[in-house]
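*Asks:* Enclosed is the structure file run21.cif (mmCIF, C-alpha atoms).
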data_model
#
loop_
_atom_site.label_atom_id
_atom_site.label_comp_id
_atom_site.auth_asym_id
_atom_site.auth_seq_id
_atom_site.Cartn_x
_atom_site.Cartn_y
_atom_site.Cartn_z
CA MET A 1 5.45 2.82 34.54
CA SER A 2 7.76 1.94 31.72
CA ALA A 3 5.30 3.06 29.06
CA ALA A 4 5.82 6.69 30.09
CA THR A 5 9.44 6.68 28.95
CA SER A 6 8.71 5.11 25.55
CA ARG A 7 7.84 7.02 22.40
CA PRO A 8 4.24 7.95 21.57
CA ARG A 9 2.24 5.17 20.01
CA TRP A 10 1.94 6.77 16.58
CA TRP A 11 5.73 7.00 16.33
CA PHE A 12 5.96 3.98 14.01
CA LEU A 13 4.14 6.01 11.34
CA ILE A 14 7.19 8.21 10.78
CA THR A 15 9.85 5.49 10.73
CA PRO A 16 11.66 5.25 7.36
CA ARG A 17 10.01 1.92 6.56
CA TRP A 18 6.52 3.35 7.08
CA LEU A 19 7.34 6.59 5.26
CA ALA A 20 8.29 4.43 2.27
CA TRP A 21 4.94 2.65 2.56
CA HIS A 22 3.08 5.99 2.72
CA ALA A 23 4.91 7.17 -0.40
CA PHE A 24 4.08 3.90 -2.15
CA ALA A 25 0.39 4.19 -1.16
CA VAL A 26 0.16 7.75 -2.49
CA LEU A 27 1.96 6.82 -5.71
CA ALA A 28 -0.22 3.75 -6.24
CA ALA A 29 -3.42 5.76 -5.65
CA TRP A 30 -2.25 8.47 -8.04
CA GLY A 31 -1.26 5.86 -10.63
CA MET A 32 -4.63 4.12 -10.47
CA LEU A 33 -6.50 7.42 -10.82
CA TRP A 34 -4.27 8.28 -13.79
CA LEU A 35 -5.14 4.94 -15.40
CA GLY A 36 -8.83 5.66 -14.82
CA ASP A 37 -8.45 9.05 -16.50
CA TRP A 38 -6.63 7.42 -19.43
CA GLN A 39 -9.44 4.89 -19.84
CA PHE A 40 -11.98 7.71 -19.68
CA HIS A 41 -10.31 9.39 -22.65
CA ARG A 42 -10.22 6.08 -24.51
CA ALA A 43 -13.92 5.60 -23.74
CA GLU A 44 -14.71 9.06 -25.07
CA GLY A 45 -12.76 8.12 -28.20
CA GLY A 46 -15.24 5.35 -28.92
CA ASN A 47 -13.86 2.31 -27.06
CA ALA A 48 -16.96 0.89 -25.37
CA LEU A 49 -15.03 -1.53 -23.11
CA SER A 50 -13.10 1.38 -21.63
CA TRP A 51 -16.25 2.61 -19.90
CA ALA A 52 -16.01 -0.43 -17.62
CA TYR A 53 -12.38 0.31 -16.79
CA THR A 54 -13.19 4.00 -16.27
CA PHE A 55 -15.26 2.95 -13.27
CA GLU A 56 -13.04 0.09 -12.18
CA TRP A 57 -9.87 2.07 -11.54
CA PRO A 58 -11.43 4.51 -9.03
CA VAL A 59 -12.90 1.50 -7.19
CA PHE A 60 -9.43 -0.07 -7.02
CA THR A 61 -8.11 3.26 -5.74
CA ILE A 62 -10.67 3.32 -2.92
CA PHE A 63 -9.79 -0.28 -2.07
CA GLY A 64 -6.10 0.60 -1.99
CA VAL A 65 -6.75 3.43 0.47
CA VAL A 66 -8.86 1.16 2.70
CA PHE A 67 -6.09 -1.48 2.61
CA TRP A 68 -3.52 1.12 3.61
CA ALA A 69 -5.70 2.38 6.48
CA LYS A 70 -6.32 -1.16 7.76
CA THR A 71 -2.59 -1.84 7.70
CA ILE A 72 -2.01 1.14 9.98
CA VAL A 73 -4.84 0.05 12.31
CA ASP A 74 -3.33 -3.47 12.47
CA GLU A 75 0.09 -2.13 13.43
CA TRP A 76 -1.49 0.23 15.94
CA ARG A 77 -3.34 -2.56 17.72
CA THR A 78 -0.68 -5.28 17.63
CA PRO A 79 2.75 -3.71 17.17
CA GLY A 80 5.39 -5.92 15.63
CA GLY A 81 3.17 -8.49 13.96
CA ALA A 82 3.76 -10.05 10.57
CA ALA A 83 4.11 -6.65 8.91
CA GLY A 84 6.54 -5.20 11.39
CA GLY A 85 8.77 -8.17 12.07
CA ALA A 86 11.51 -7.97 14.67
CA ARG A 87 12.03 -4.25 14.04
CA ALA A 88 8.83 -3.19 15.81
CA GLN A 89 9.68 -5.10 18.98
CA THR A 90 10.90 -1.85 20.50
CA THR A 91 7.37 -0.45 20.53
CA ARG A 92 5.90 -3.54 22.20
CA LEU A 93 4.76 -2.91 25.73
CA PRO A 94 5.86 -5.30 28.47
CA GLN A 95 3.54 -8.22 29.12
CA PRO A 96 2.22 -8.82 32.63
CA ALA A 97 4.24 -11.37 34.57
CA GLY A 98 3.38 -14.98 33.86
CA GLU A 99 1.43 -14.19 30.72
CA ALA A 100 3.05 -15.29 27.48
CA PRO A 101 2.51 -13.00 24.46
CA LEU A 102 -0.02 -14.43 22.03
CA PRO A 103 1.04 -15.18 18.47
CA ALA A 104 -0.75 -13.06 15.87
CA ALA A 105 -2.72 -16.07 14.65
CA ALA A 106 -4.19 -16.65 18.10
CA HIS A 107 -5.48 -13.11 18.33
CA THR A 108 -8.65 -12.51 20.37
CA PRO A 109 -11.99 -11.65 18.71
CA ALA A 110 -12.31 -8.49 16.64
CA THR A 111 -14.78 -6.87 19.05
CA SER A 112 -12.15 -6.69 21.77
CA ASP A 113 -9.19 -5.79 19.55
CA ALA A 114 -9.15 -2.10 20.48
CA PHE A 115 -8.23 -2.72 24.10
CA ASP A 116 -4.88 -3.40 25.62
CA ASP A 117 -4.83 -4.34 29.29
CA THR A 118 -1.05 -3.95 29.58
CA GLU A 119 -1.55 -0.23 30.23
CA ASP A 120 -4.19 -0.70 32.88
CA PRO A 121 -3.37 -2.70 36.00
CA GLU A 122 -7.06 -2.96 36.96
CA LEU A 123 -7.94 -4.42 33.58
CA ALA A 124 -4.98 -6.78 33.77
CA ALA A 125 -6.16 -7.94 37.18
CA TYR A 126 -9.65 -8.47 35.83
CA ASN A 127 -8.33 -10.52 32.92
CA ALA A 128 -6.15 -12.53 35.31
CA TYR A 129 -9.30 -13.14 37.34
CA LEU A 130 -11.16 -14.33 34.22
CA ALA A 131 -8.25 -16.56 33.24
CA GLY A 132 -8.34 -18.05 36.74
CA LEU A 133 -12.08 -18.61 36.44
CA SER A 134 -11.61 -20.30 33.10
CA ALA A 135 -8.88 -22.54 34.52
CA GLY A 136 -11.14 -23.37 37.48
CA GLN A 137 -13.97 -24.35 35.16
CA GLN A 138 -11.68 -26.64 33.24
CA ARG A 139 -10.86 -28.46 36.48
CA GLY A 140 -14.59 -28.79 37.10
CA ARG A 141 -14.94 -26.35 40.02
CA PHE A 142 -14.81 -22.68 40.93
CA ASP A 143 -12.08 -21.50 43.24
CA GLY A 144 -12.66 -17.82 42.63
CA GLY A 145 -10.22 -15.09 41.73
CA PRO A 146 -8.23 -12.56 43.72
CA ALA A 147 -10.26 -10.81 46.43
CA GLY A 148 -11.83 -7.53 45.32
CA ALA A 149 -11.61 -8.41 41.67
CA ASP A 150 -15.17 -9.70 41.50
CA PRO A 151 -16.85 -8.43 38.32
CA ALA A 152 -20.05 -6.52 39.11
CA SER A 153 -21.72 -7.59 35.88
CA MET B 1 -25.77 -13.35 15.06
CA ARG B 2 -22.63 -14.79 16.62
CA SER B 3 -19.23 -13.83 15.29
CA THR B 4 -18.60 -17.37 14.04
CA ASP B 5 -21.80 -17.16 11.96
CA VAL B 6 -20.55 -13.95 10.35
CA THR B 7 -17.21 -15.64 9.66
CA ARG B 8 -18.94 -18.67 8.14
CA LEU B 9 -21.01 -16.39 5.90
CA ALA B 10 -17.92 -14.46 4.79
CA VAL B 11 -16.06 -17.69 4.09
CA ARG B 12 -18.97 -18.99 2.00
CA ALA B 13 -19.11 -15.75 0.01
CA TYR B 14 -15.34 -15.84 -0.47
CA ARG B 15 -15.43 -19.44 -1.74
CA LEU B 16 -18.26 -18.64 -4.15
CA MET B 17 -16.44 -15.60 -5.53
CA ALA B 18 -13.13 -17.45 -5.72
CA TYR B 19 -14.68 -20.13 -7.92
CA VAL B 20 -16.77 -17.78 -10.08
CA THR B 21 -13.91 -15.29 -10.62
CA GLY B 22 -11.41 -18.11 -11.16
CA THR B 23 -13.62 -19.84 -13.72
CA MET B 24 -14.20 -16.57 -15.58
CA LEU B 25 -10.47 -15.87 -15.71
CA VAL B 26 -9.63 -19.37 -16.97
CA LEU B 27 -12.30 -18.91 -19.65
CA LEU B 28 -10.85 -15.51 -20.59
CA VAL B 29 -7.20 -16.55 -20.74
CA PHE B 30 -7.51 -20.04 -22.24
CA VAL B 31 -10.51 -19.60 -24.55
CA CYS B 32 -11.31 -15.97 -25.33
CA VAL B 33 -7.80 -14.58 -25.75
CA PRO B 34 -6.73 -17.36 -28.18
CA LEU B 35 -10.01 -16.73 -30.05
CA ARG B 36 -9.11 -13.08 -30.31
CA TYR B 37 -5.57 -13.49 -31.60
CA LEU B 38 -5.80 -16.81 -33.45
CA GLY B 39 -9.46 -16.81 -34.45
CA HIS B 40 -9.65 -13.02 -34.96
CA ASP B 41 -12.88 -12.73 -33.00
CA ALA B 42 -12.61 -10.04 -30.31
CA GLY B 43 -16.23 -10.31 -29.14
CA PRO B 44 -15.97 -13.01 -26.43
CA ALA B 45 -12.77 -11.53 -24.96
CA GLU B 46 -14.44 -8.14 -24.50
CA VAL B 47 -17.56 -9.54 -22.83
CA VAL B 48 -15.75 -12.01 -20.56
CA GLY B 49 -13.00 -9.46 -19.86
CA ALA B 50 -15.51 -6.90 -18.64
CA ALA B 51 -17.33 -9.57 -16.63
CA HIS B 52 -14.10 -10.64 -14.93
CA GLY B 53 -13.32 -7.00 -14.15
CA VAL B 54 -16.62 -6.55 -12.31
CA LEU B 55 -16.36 -9.96 -10.60
CA TYR B 56 -12.84 -9.21 -9.43
CA ILE B 57 -14.03 -6.04 -7.67
CA ILE B 58 -16.63 -8.10 -5.78
CA TYR B 59 -13.98 -10.77 -5.11
CA LEU B 60 -11.64 -8.12 -3.66
CA VAL B 61 -14.24 -6.84 -1.19
CA VAL B 62 -15.48 -10.30 -0.16
CA ALA B 63 -11.99 -11.81 0.12
CA PHE B 64 -10.69 -8.85 2.13
CA ALA B 65 -13.63 -9.11 4.54
CA MET B 66 -12.84 -12.82 4.96
CA THR B 67 -9.17 -12.18 5.72
CA ARG B 68 -10.19 -9.71 8.46
CA LEU B 69 -12.63 -12.16 10.03
CA VAL B 70 -10.17 -15.06 10.16
CA ARG B 71 -7.64 -12.61 11.65
CA MET B 72 -5.06 -12.52 8.91
CA ARG B 73 -2.94 -9.39 9.11
CA THR B 74 -3.59 -6.79 6.42
CA ALA B 75 -0.06 -6.34 5.11
CA SER B 76 0.87 -10.02 5.31
CA ILE B 77 1.98 -12.15 2.37
CA GLY B 78 -1.06 -14.39 2.86
CA THR B 79 -3.58 -11.55 2.50
CA ILE B 80 -1.80 -10.13 -0.54
CA ILE B 81 -1.71 -13.55 -2.21
CA VAL B 82 -5.44 -14.00 -1.56
CA LEU B 83 -6.25 -10.59 -3.07
CA LEU B 84 -4.02 -10.98 -6.14
CA ALA B 85 -5.12 -14.58 -6.78
CA GLY B 86 -8.14 -13.25 -8.68
CA LEU B 87 -5.81 -11.85 -11.35
CA LEU B 88 -3.80 -15.00 -12.12
CA PRO B 89 -5.44 -17.96 -13.88
CA VAL B 90 -6.06 -21.08 -11.76
CA LEU B 91 -4.50 -19.47 -8.66
CA THR B 92 -7.87 -18.77 -6.94
CA PHE B 93 -8.55 -22.52 -6.72
CA VAL B 94 -5.14 -23.31 -5.25
CA VAL B 95 -5.20 -20.36 -2.85
CA GLU B 96 -8.73 -21.19 -1.67
CA ARG B 97 -7.55 -24.69 -0.63
CA TRP B 98 -4.49 -23.27 1.11
CA VAL B 99 -6.38 -20.51 2.97
CA SER B 100 -9.05 -22.98 4.10
CA ARG B 101 -6.45 -25.25 5.64
CA THR B 102 -4.13 -22.62 7.07
CA TYR B 103 -6.46 -19.85 8.31
CA ILE B 104 -10.18 -20.59 7.97
CA ALA B 105 -10.27 -23.98 9.70
CA PRO B 106 -8.21 -22.82 12.74
CA ALA B 107 -10.25 -19.59 13.03
CA LEU B 108 -13.56 -21.44 12.99
CA ALA B 109 -12.22 -23.99 15.47
CA ALA B 110 -11.03 -21.21 17.82
CA GLY B 111 -14.36 -19.39 17.55
CA GLY B 112 -16.30 -22.45 18.73
CA PRO B 113 -18.05 -23.01 22.07
CA ALA B 114 -14.96 -22.08 24.10
CA ALA B 115 -14.82 -18.54 22.68
CA SER B 116 -17.22 -17.05 25.25
CA GLU B 117 -14.93 -18.11 28.07
CA GLN B 118 -11.90 -16.27 26.76
CA PRO B 119 -10.76 -13.20 28.72
CA VAL B 120 -12.25 -10.00 27.39
CA LEU B 121 -10.65 -6.61 26.73
CA ARG B 122 -7.23 -7.88 25.77
#
Write the structure described by the file as C-alpha coordinates, please.

*Replies:*
Amino acid sequence: MSAATSRPRWWFLITPRWLAWHAFAVLAAWGMLWLGDWQFHRAEGGNALSWAYTFEWPVFTIFGVVFWAKTIVDEWRTPGGAAGGARAQTTRLPQPAGEAPLPAAAHTPATSDAFDDTEDPELAAYNAYLAGLSAGQQRGRFDGGPAGADPAS
Amino acid sequence: MRSTDVTRLAVRAYRLMAYVTGTMLVLLVFVCVPLRYLGHDAGPAEVVGAAHGVLYIIYLVVAFAMTRLVRMRTASIGTIIVLLAGLLPVLTFVVERWVSRTYIAPALAAGGPAASEQPVLR
(Lines of atoms letter the chains of each structure in order from A and count residues from 1; the text may use other names and numbers.)
(Lines give C-alpha, C1' and ligand atoms only; values in the text may rest on other atoms or scores of the structure.)
Protein backbone atom coordinates (compact mmCIF):
# COMPACT_ATOMS: atom_id res chain seq x y z
CA MET A 1 0.00 0.00 0.00
CA SER A 2 1.48 3.29 -1.04
CA ALA A 3 0.07 5.13 1.96
CA ALA A 4 2.48 3.27 4.25
CA THR A 5 5.51 4.94 2.69
CA SER A 6 4.08 8.48 2.88
CA ARG A 7 4.43 10.83 5.81
CA PRO A 8 1.94 10.80 8.71
CA ARG A 9 -1.24 12.69 8.02
CA TRP A 10 -0.58 15.48 10.51
CA TRP A 11 2.72 16.28 8.79
CA PHE A 12 1.28 19.31 6.98
CA LEU A 13 0.90 21.03 10.36
CA ILE A 14 4.66 21.47 10.68
CA THR A 15 5.39 22.66 7.15
CA PRO A 16 6.82 26.22 7.05
CA ARG A 17 3.61 27.59 5.52
CA TRP A 18 1.48 26.16 8.32
CA LEU A 19 3.96 27.16 11.03
CA ALA A 20 3.59 30.73 9.74
CA TRP A 21 -0.18 30.38 9.99
CA HIS A 22 0.10 29.06 13.57
CA ALA A 23 2.30 32.01 14.50
CA PHE A 24 -0.16 34.40 12.89
CA ALA A 25 -3.10 32.79 14.74
CA VAL A 26 -1.33 33.08 18.10
CA LEU A 27 -0.30 36.68 17.41
CA ALA A 28 -3.80 37.64 16.28
CA ALA A 29 -5.38 36.03 19.37
CA TRP A 30 -2.89 37.79 21.65
CA GLY A 31 -3.46 41.09 19.85
CA MET A 32 -7.24 40.86 20.19
CA LEU A 33 -6.99 40.03 23.90
CA TRP A 34 -4.62 42.98 24.32
CA LEU A 35 -7.16 45.25 22.63
CA GLY A 36 -9.86 43.91 24.96
CA ASP A 37 -7.66 44.68 27.96
CA TRP A 38 -7.01 48.19 26.62
CA GLN A 39 -10.74 48.79 26.21
CA PHE A 40 -11.32 47.49 29.74
CA HIS A 41 -8.97 50.14 31.11
CA ARG A 42 -10.69 52.80 29.01
CA ALA A 43 -14.06 51.60 30.33
CA GLU A 44 -12.80 51.82 33.90
CA GLY A 45 -11.66 55.37 33.10
CA GLY A 46 -15.24 56.38 32.42
CA ASN A 47 -15.78 55.63 28.71
CA ALA A 48 -19.17 53.90 28.69
CA LEU A 49 -18.91 52.69 25.07
CA SER A 50 -15.71 50.83 25.90
CA TRP A 51 -17.69 48.35 27.99
CA ALA A 52 -19.18 47.03 24.75
CA TYR A 53 -15.74 46.63 23.19
CA THR A 54 -14.41 45.03 26.38
CA PHE A 55 -16.74 42.12 25.70
CA GLU A 56 -16.46 42.19 21.93
CA TRP A 57 -12.74 41.57 21.65
CA PRO A 58 -12.73 38.29 23.63
CA VAL A 59 -15.63 37.09 21.45
CA PHE A 60 -13.58 37.91 18.33
CA THR A 61 -10.67 36.02 19.88
CA ILE A 62 -12.81 32.91 20.41
CA PHE A 63 -14.06 33.19 16.82
CA GLY A 64 -10.49 33.48 15.55
CA VAL A 65 -9.51 30.29 17.39
CA VAL A 66 -12.54 28.43 16.00
CA PHE A 67 -11.67 29.65 12.49
CA TRP A 68 -8.10 28.43 12.89
CA ALA A 69 -9.27 25.02 14.15
CA LYS A 70 -11.74 24.63 11.27
CA THR A 71 -8.99 25.47 8.79
CA ILE A 72 -6.90 22.61 10.15
CA VAL A 73 -9.89 20.23 10.05
CA ASP A 74 -10.56 21.24 6.41
CA GLU A 75 -6.98 20.53 5.39
CA TRP A 76 -7.02 17.26 7.32
CA ARG A 77 -10.12 16.01 5.53
CA THR A 78 -9.39 17.23 2.00
CA PRO A 79 -5.65 17.82 1.59
CA GLY A 80 -4.64 20.28 -1.08
CA GLY A 81 -7.90 22.19 -1.43
CA ALA A 82 -8.22 25.92 -1.94
CA ALA A 83 -6.05 26.66 1.09
CA GLY A 84 -3.24 24.31 0.20
CA GLY A 85 -3.01 24.80 -3.54
CA ALA A 86 -0.64 22.72 -5.61
CA ARG A 87 1.84 22.42 -2.75
CA ALA A 88 -0.27 19.94 -0.77
CA GLN A 89 -0.65 17.57 -3.71
CA THR A 90 2.15 15.46 -2.24
CA THR A 91 -0.05 14.50 0.71
CA ARG A 92 -2.98 13.49 -1.48
CA LEU A 93 -3.63 9.78 -1.47
CA PRO A 94 -4.04 7.98 -4.79
CA GLN A 95 -7.59 7.76 -6.09
CA PRO A 96 -9.06 4.36 -6.96
CA ALA A 97 -8.79 3.52 -10.64
CA GLY A 98 -11.48 5.00 -12.83
CA GLU A 99 -12.65 7.47 -10.21
CA ALA A 100 -11.87 11.10 -10.94
CA PRO A 101 -11.03 13.28 -7.90
CA LEU A 102 -13.91 15.56 -6.96
CA PRO A 103 -13.40 19.32 -7.02
CA ALA A 104 -13.70 20.94 -3.60
CA ALA A 105 -16.98 22.59 -4.58
CA ALA A 106 -18.57 19.22 -5.33
CA HIS A 107 -17.70 17.86 -1.91
CA THR A 108 -20.05 15.25 -0.40
CA PRO A 109 -22.35 16.07 2.55
CA ALA A 110 -20.86 17.15 5.86
CA THR A 111 -22.06 14.04 7.70
CA SER A 112 -19.79 11.82 5.62
CA ASP A 113 -16.80 14.17 5.47
CA ALA A 114 -14.76 12.33 8.08
CA PHE A 115 -14.37 9.19 6.00
CA ASP A 116 -11.95 8.46 3.23
CA ASP A 117 -12.46 5.23 1.33
CA THR A 118 -9.10 5.45 -0.43
CA GLU A 119 -7.47 3.78 2.58
CA ASP A 120 -9.97 0.95 2.78
CA PRO A 121 -10.41 -1.35 -0.21
CA GLU A 122 -13.65 -2.79 1.23
CA LEU A 123 -15.15 0.67 1.58
CA ALA A 124 -13.98 1.59 -1.91
CA ALA A 125 -15.63 -1.54 -3.26
CA TYR A 126 -18.83 -0.68 -1.43
CA ASN A 127 -18.82 2.84 -2.86
CA ALA A 128 -18.12 1.45 -6.33
CA TYR A 129 -21.12 -0.83 -5.79
CA LEU A 130 -23.28 2.15 -4.80
CA ALA A 131 -22.07 4.13 -7.79
CA GLY A 132 -22.99 1.18 -10.00
CA LEU A 133 -26.43 1.01 -8.39
CA SER A 134 -26.92 4.71 -8.95
CA ALA A 135 -25.89 4.39 -12.60
CA GLY A 136 -28.27 1.43 -12.98
CA GLN A 137 -31.15 3.44 -11.56
CA GLN A 138 -30.47 6.23 -13.99
CA ARG A 139 -30.82 3.77 -16.86
CA GLY A 140 -34.11 2.66 -15.35
CA ARG A 141 -33.10 -0.82 -14.14
CA PHE A 142 -30.99 -2.62 -11.57
CA ASP A 143 -28.09 -4.69 -12.78
CA GLY A 144 -26.55 -5.18 -9.36
CA GLY A 145 -23.00 -4.65 -8.20
CA PRO A 146 -19.97 -6.88 -7.86
CA ALA A 147 -20.73 -10.25 -6.23
CA GLY A 148 -20.23 -10.31 -2.47
CA ALA A 149 -20.49 -6.57 -2.16
CA ASP A 150 -24.17 -6.64 -1.26
CA PRO A 151 -24.85 -4.22 1.60
CA ALA A 152 -26.48 -5.98 4.56
CA SER A 153 -28.43 -2.90 5.58
CA MET B 1 -34.76 17.77 9.56
CA ARG B 2 -32.95 17.17 6.28
CA SER B 3 -29.57 18.73 5.67
CA THR B 4 -30.97 20.95 2.92
CA ASP B 5 -33.50 22.36 5.40
CA VAL B 6 -30.68 23.25 7.79
CA THR B 7 -28.80 24.88 4.91
CA ARG B 8 -31.90 26.85 3.88
CA LEU B 9 -32.36 28.05 7.47
CA ALA B 10 -28.70 29.09 7.73
CA VAL B 11 -28.91 30.91 4.39
CA ARG B 12 -32.04 32.77 5.54
CA ALA B 13 -30.36 33.78 8.80
CA TYR B 14 -27.25 34.88 6.89
CA ARG B 15 -29.29 37.01 4.48
CA LEU B 16 -31.18 38.64 7.34
CA MET B 17 -27.99 39.45 9.22
CA ALA B 18 -26.23 40.64 6.07
CA TYR B 19 -28.97 43.19 5.44
CA VAL B 20 -29.41 44.30 9.06
CA THR B 21 -25.65 44.61 9.71
CA GLY B 22 -25.10 46.27 6.32
CA THR B 23 -27.87 48.81 6.90
CA MET B 24 -26.55 49.63 10.37
CA LEU B 25 -23.03 50.16 9.01
CA VAL B 26 -24.24 52.42 6.18
CA LEU B 27 -26.19 54.42 8.77
CA LEU B 28 -23.11 54.65 10.99
CA VAL B 29 -20.62 55.66 8.30
CA PHE B 30 -22.78 57.95 6.16
CA VAL B 31 -25.02 59.54 8.80
CA CYS B 32 -23.70 59.21 12.34
CA VAL B 33 -19.99 59.80 11.73
CA PRO B 34 -20.60 63.01 9.71
CA LEU B 35 -22.98 64.11 12.50
CA ARG B 36 -20.22 63.54 15.01
CA TYR B 37 -17.47 65.44 13.23
CA LEU B 38 -19.47 68.04 11.29
CA GLY B 39 -22.51 68.40 13.51
CA HIS B 40 -20.58 67.85 16.77
CA ASP B 41 -23.15 65.40 18.09
CA ALA B 42 -21.47 62.18 19.26
CA GLY B 43 -24.66 60.55 20.59
CA PRO B 44 -25.95 58.72 17.47
CA ALA B 45 -22.48 57.45 16.51
CA GLU B 46 -22.02 55.85 19.94
CA VAL B 47 -25.42 54.13 19.95
CA VAL B 48 -25.28 52.91 16.34
CA GLY B 49 -21.59 52.02 16.71
CA ALA B 50 -22.30 49.78 19.68
CA ALA B 51 -25.30 48.27 17.89
CA HIS B 52 -23.22 47.46 14.82
CA GLY B 53 -20.57 45.89 17.06
CA VAL B 54 -23.10 43.49 18.58
CA LEU B 55 -24.77 42.80 15.22
CA TYR B 56 -21.42 42.06 13.60
CA ILE B 57 -20.70 39.36 16.20
CA ILE B 58 -24.02 37.68 15.35
CA TYR B 59 -23.28 38.17 11.63
CA LEU B 60 -19.88 36.47 12.05
CA VAL B 61 -21.39 33.37 13.68
CA VAL B 62 -24.33 33.10 11.26
CA ALA B 63 -22.24 33.79 8.14
CA PHE B 64 -19.56 31.31 9.20
CA ALA B 65 -22.18 28.61 9.79
CA MET B 66 -23.56 29.32 6.31
CA THR B 67 -20.15 29.01 4.65
CA ARG B 68 -19.68 25.60 6.31
CA LEU B 69 -23.07 24.35 5.15
CA VAL B 70 -22.61 25.39 1.52
CA ARG B 71 -19.17 23.74 1.68
CA MET B 72 -16.94 26.73 1.24
CA ARG B 73 -13.44 26.06 2.55
CA THR B 74 -12.53 27.83 5.78
CA ALA B 75 -9.33 29.53 4.69
CA SER B 76 -10.57 30.45 1.22
CA ILE B 77 -10.77 33.98 -0.14
CA GLY B 78 -14.56 33.62 -0.48
CA THR B 79 -15.09 32.81 3.21
CA ILE B 80 -12.80 35.61 4.34
CA ILE B 81 -14.58 38.12 2.09
CA VAL B 82 -17.95 37.02 3.49
CA LEU B 83 -16.75 37.43 7.09
CA LEU B 84 -15.06 40.80 6.56
CA ALA B 85 -17.95 42.19 4.47
CA GLY B 86 -19.73 43.16 7.70
CA LEU B 87 -16.98 45.70 8.41
CA LEU B 88 -17.02 47.59 5.09
CA PRO B 89 -20.00 49.78 4.15
CA VAL B 90 -22.26 48.48 1.34
CA LEU B 91 -20.10 45.37 0.85
CA THR B 92 -22.54 43.00 2.64
CA PHE B 93 -25.17 43.67 -0.04
CA VAL B 94 -22.77 43.02 -2.92
CA VAL B 95 -21.23 39.95 -1.28
CA GLU B 96 -24.65 38.49 -0.45
CA ARG B 97 -25.59 38.60 -4.17
CA TRP B 98 -22.28 37.07 -5.19
CA VAL B 99 -22.36 34.27 -2.58
CA SER B 100 -25.95 33.41 -3.48
CA ARG B 101 -25.05 32.97 -7.13
CA THR B 102 -21.68 31.29 -6.69
CA TYR B 103 -22.12 29.01 -3.66
CA ILE B 104 -25.63 28.93 -2.19
CA ALA B 105 -27.58 28.16 -5.36
CA PRO B 106 -25.26 25.29 -6.46
CA ALA B 107 -25.20 23.84 -2.92
CA LEU B 108 -28.98 23.83 -2.64
CA ALA B 109 -29.28 22.35 -6.12
CA ALA B 110 -26.78 19.59 -5.27
CA GLY B 111 -28.57 18.83 -1.99
CA GLY B 112 -31.88 18.20 -3.76
CA PRO B 113 -33.69 14.89 -4.32
CA ALA B 114 -30.61 13.21 -5.83
CA ALA B 115 -28.54 13.65 -2.66
CA SER B 116 -29.75 10.42 -1.01
CA GLU B 117 -28.45 8.39 -3.92
CA GLN B 118 -24.89 9.63 -3.65
CA PRO B 119 -22.28 7.15 -2.41
CA VAL B 120 -21.75 7.33 1.32
CA LEU B 121 -18.55 7.32 3.37
CA ARG B 122 -16.38 9.13 0.87

*Asks:* Which neighbours of region 56-70 of chain A fall inside 7 Å, counting all atoms listed in the file, when residues of the same chain fewer than 2 positions from it are skipped, and could you give them as a PDB file with C-alpha atoms, keeping the file's coordinate frame?

*Replies:*
ATOM      1  CA  ALA A  25       0.390   4.190  -1.160  1.00  0.00           C
ATOM      2  CA  ALA A  29      -3.420   5.760  -5.650  1.00  0.00           C
ATOM      3  CA  MET A  32      -4.630   4.120 -10.470  1.00  0.00           C
ATOM      4  CA  LEU A  33      -6.500   7.420 -10.820  1.00  0.00           C
ATOM      5  CA  LEU A  35      -5.140   4.940 -15.400  1.00  0.00           C
ATOM      6  CA  GLY A  36      -8.830   5.660 -14.820  1.00  0.00           C
ATOM      7  CA  ALA A  52     -16.010  -0.430 -17.620  1.00  0.00           C
ATOM      8  CA  TYR A  53     -12.380   0.310 -16.790  1.00  0.00           C
ATOM      9  CA  THR A  54     -13.190   4.000 -16.270  1.00  0.00           C
ATOM     10  CA  ILE A  72      -2.010   1.140   9.980  1.00  0.00           C
ATOM     11  CA  VAL A  73      -4.840   0.050  12.310  1.00  0.00           C
ATOM     12  CA  ASP A  74      -3.330  -3.470  12.470  1.00  0.00           C
TER      13      ASP A  74
ATOM     14  CA  THR B  74      -3.590  -6.790   6.420  1.00  0.00           C
TER      15      THR B  74
END

*Asks:* Calculated over all atoms listed in the file, which of the candidates B:His52, B:Arg2, B:Arg12, B:Arg73 has the smallest distance to Leu27 (chain B)?

*Replies:*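 Selected residue with least distance to Leu27 (chain B): B:His52.
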
*Asks:* Could you please determine the separation between CA of Pro106 (chain B) and CA of Tyr14 (chain B) in Å, to one decimal place?

*Replies:* 16.6 Å

*Asks:* Once the PyMOL selection byres ((chain B and resi 91) around 10) has been evaluated on this model, what residues remain selected, and can you format them as a list of chain:residue names?

*Replies:*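 Matching residues under the PyMOL selection byres ((chain B and resi 91) around 10) are B:Ala18, B:Gly22, B:Leu25, B:Val26, B:Ile81, B:Val82, B:Leu84, B:Ala85, B:Gly86, B:Leu87, B:Leu88, B:Pro89, B:Val90, B:Thr92, B:Phe93, B:Val94, B:Val95, B:Glu96.
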
*Asks:* Identify, on the basis of all atoms listed in the file, every residue whose closest approach to Trp11 (chain A) does not exceed 12 Å; exclude the query and any residue fewer than 3 positions from it along the same chain; express the result as a VMD selection string.

*Replies:* chain A and resid 6 to 8 14 to 19 72 75 to 76 79 88 90 to 91

*Asks:* Mind pulling up the distance from CA of Ala23 (chain A) to CA of Ser76 (chain B)?

*Replies:* 18.6 Å

*Asks:* Enter the distance from CA of Ser100 (chain B) to CA of Ala75 (chain B), in Å, rounded to one decimal.

*Replies:*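 That distance, rounded to one decimal, is 18.9 Å.
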
*Asks:* Under the rule that all atoms listed in the file are counted, which of A:Thr71, A:Arg77, A:Phe12, A:Phe55 is the nearest residue to chain B?

*Replies:*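 With all atoms listed in the file as the atom set, the closest residue is A:Thr71.
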
*Asks:* Where does the PyMOL selection byres ((chain B and resi 8) around 12) land in this file, that is, which residues does it pick, as JSON, numbers by chain?

*Replies:* {"B": [1, 2, 3, 4, 5, 6, 7, 9, 10, 11, 12, 13, 14, 15, 65, 66, 67, 69, 70, 100, 104, 105, 107, 108, 109, 111, 112]}

*Asks:* Rank B:Gly49, B:Val99, B:Leu35, B:Thr23 by their smallest atom-to-atom distance to chain A, using only C-alpha atoms, and report the top residue only.

*Replies:*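 Among the listed residues, B:Gly49 lies closest to chain A.
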
*Asks:* Pick the closest to chain A from B:Val47, B:Ala63, B:His40, B:Trp98: which is it, counting all atoms listed in the file?

*Replies:*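 Going through B:Val47, B:Ala63, B:His40, B:Trp98 one by one, the smallest distance to chain A is for B:Val47.
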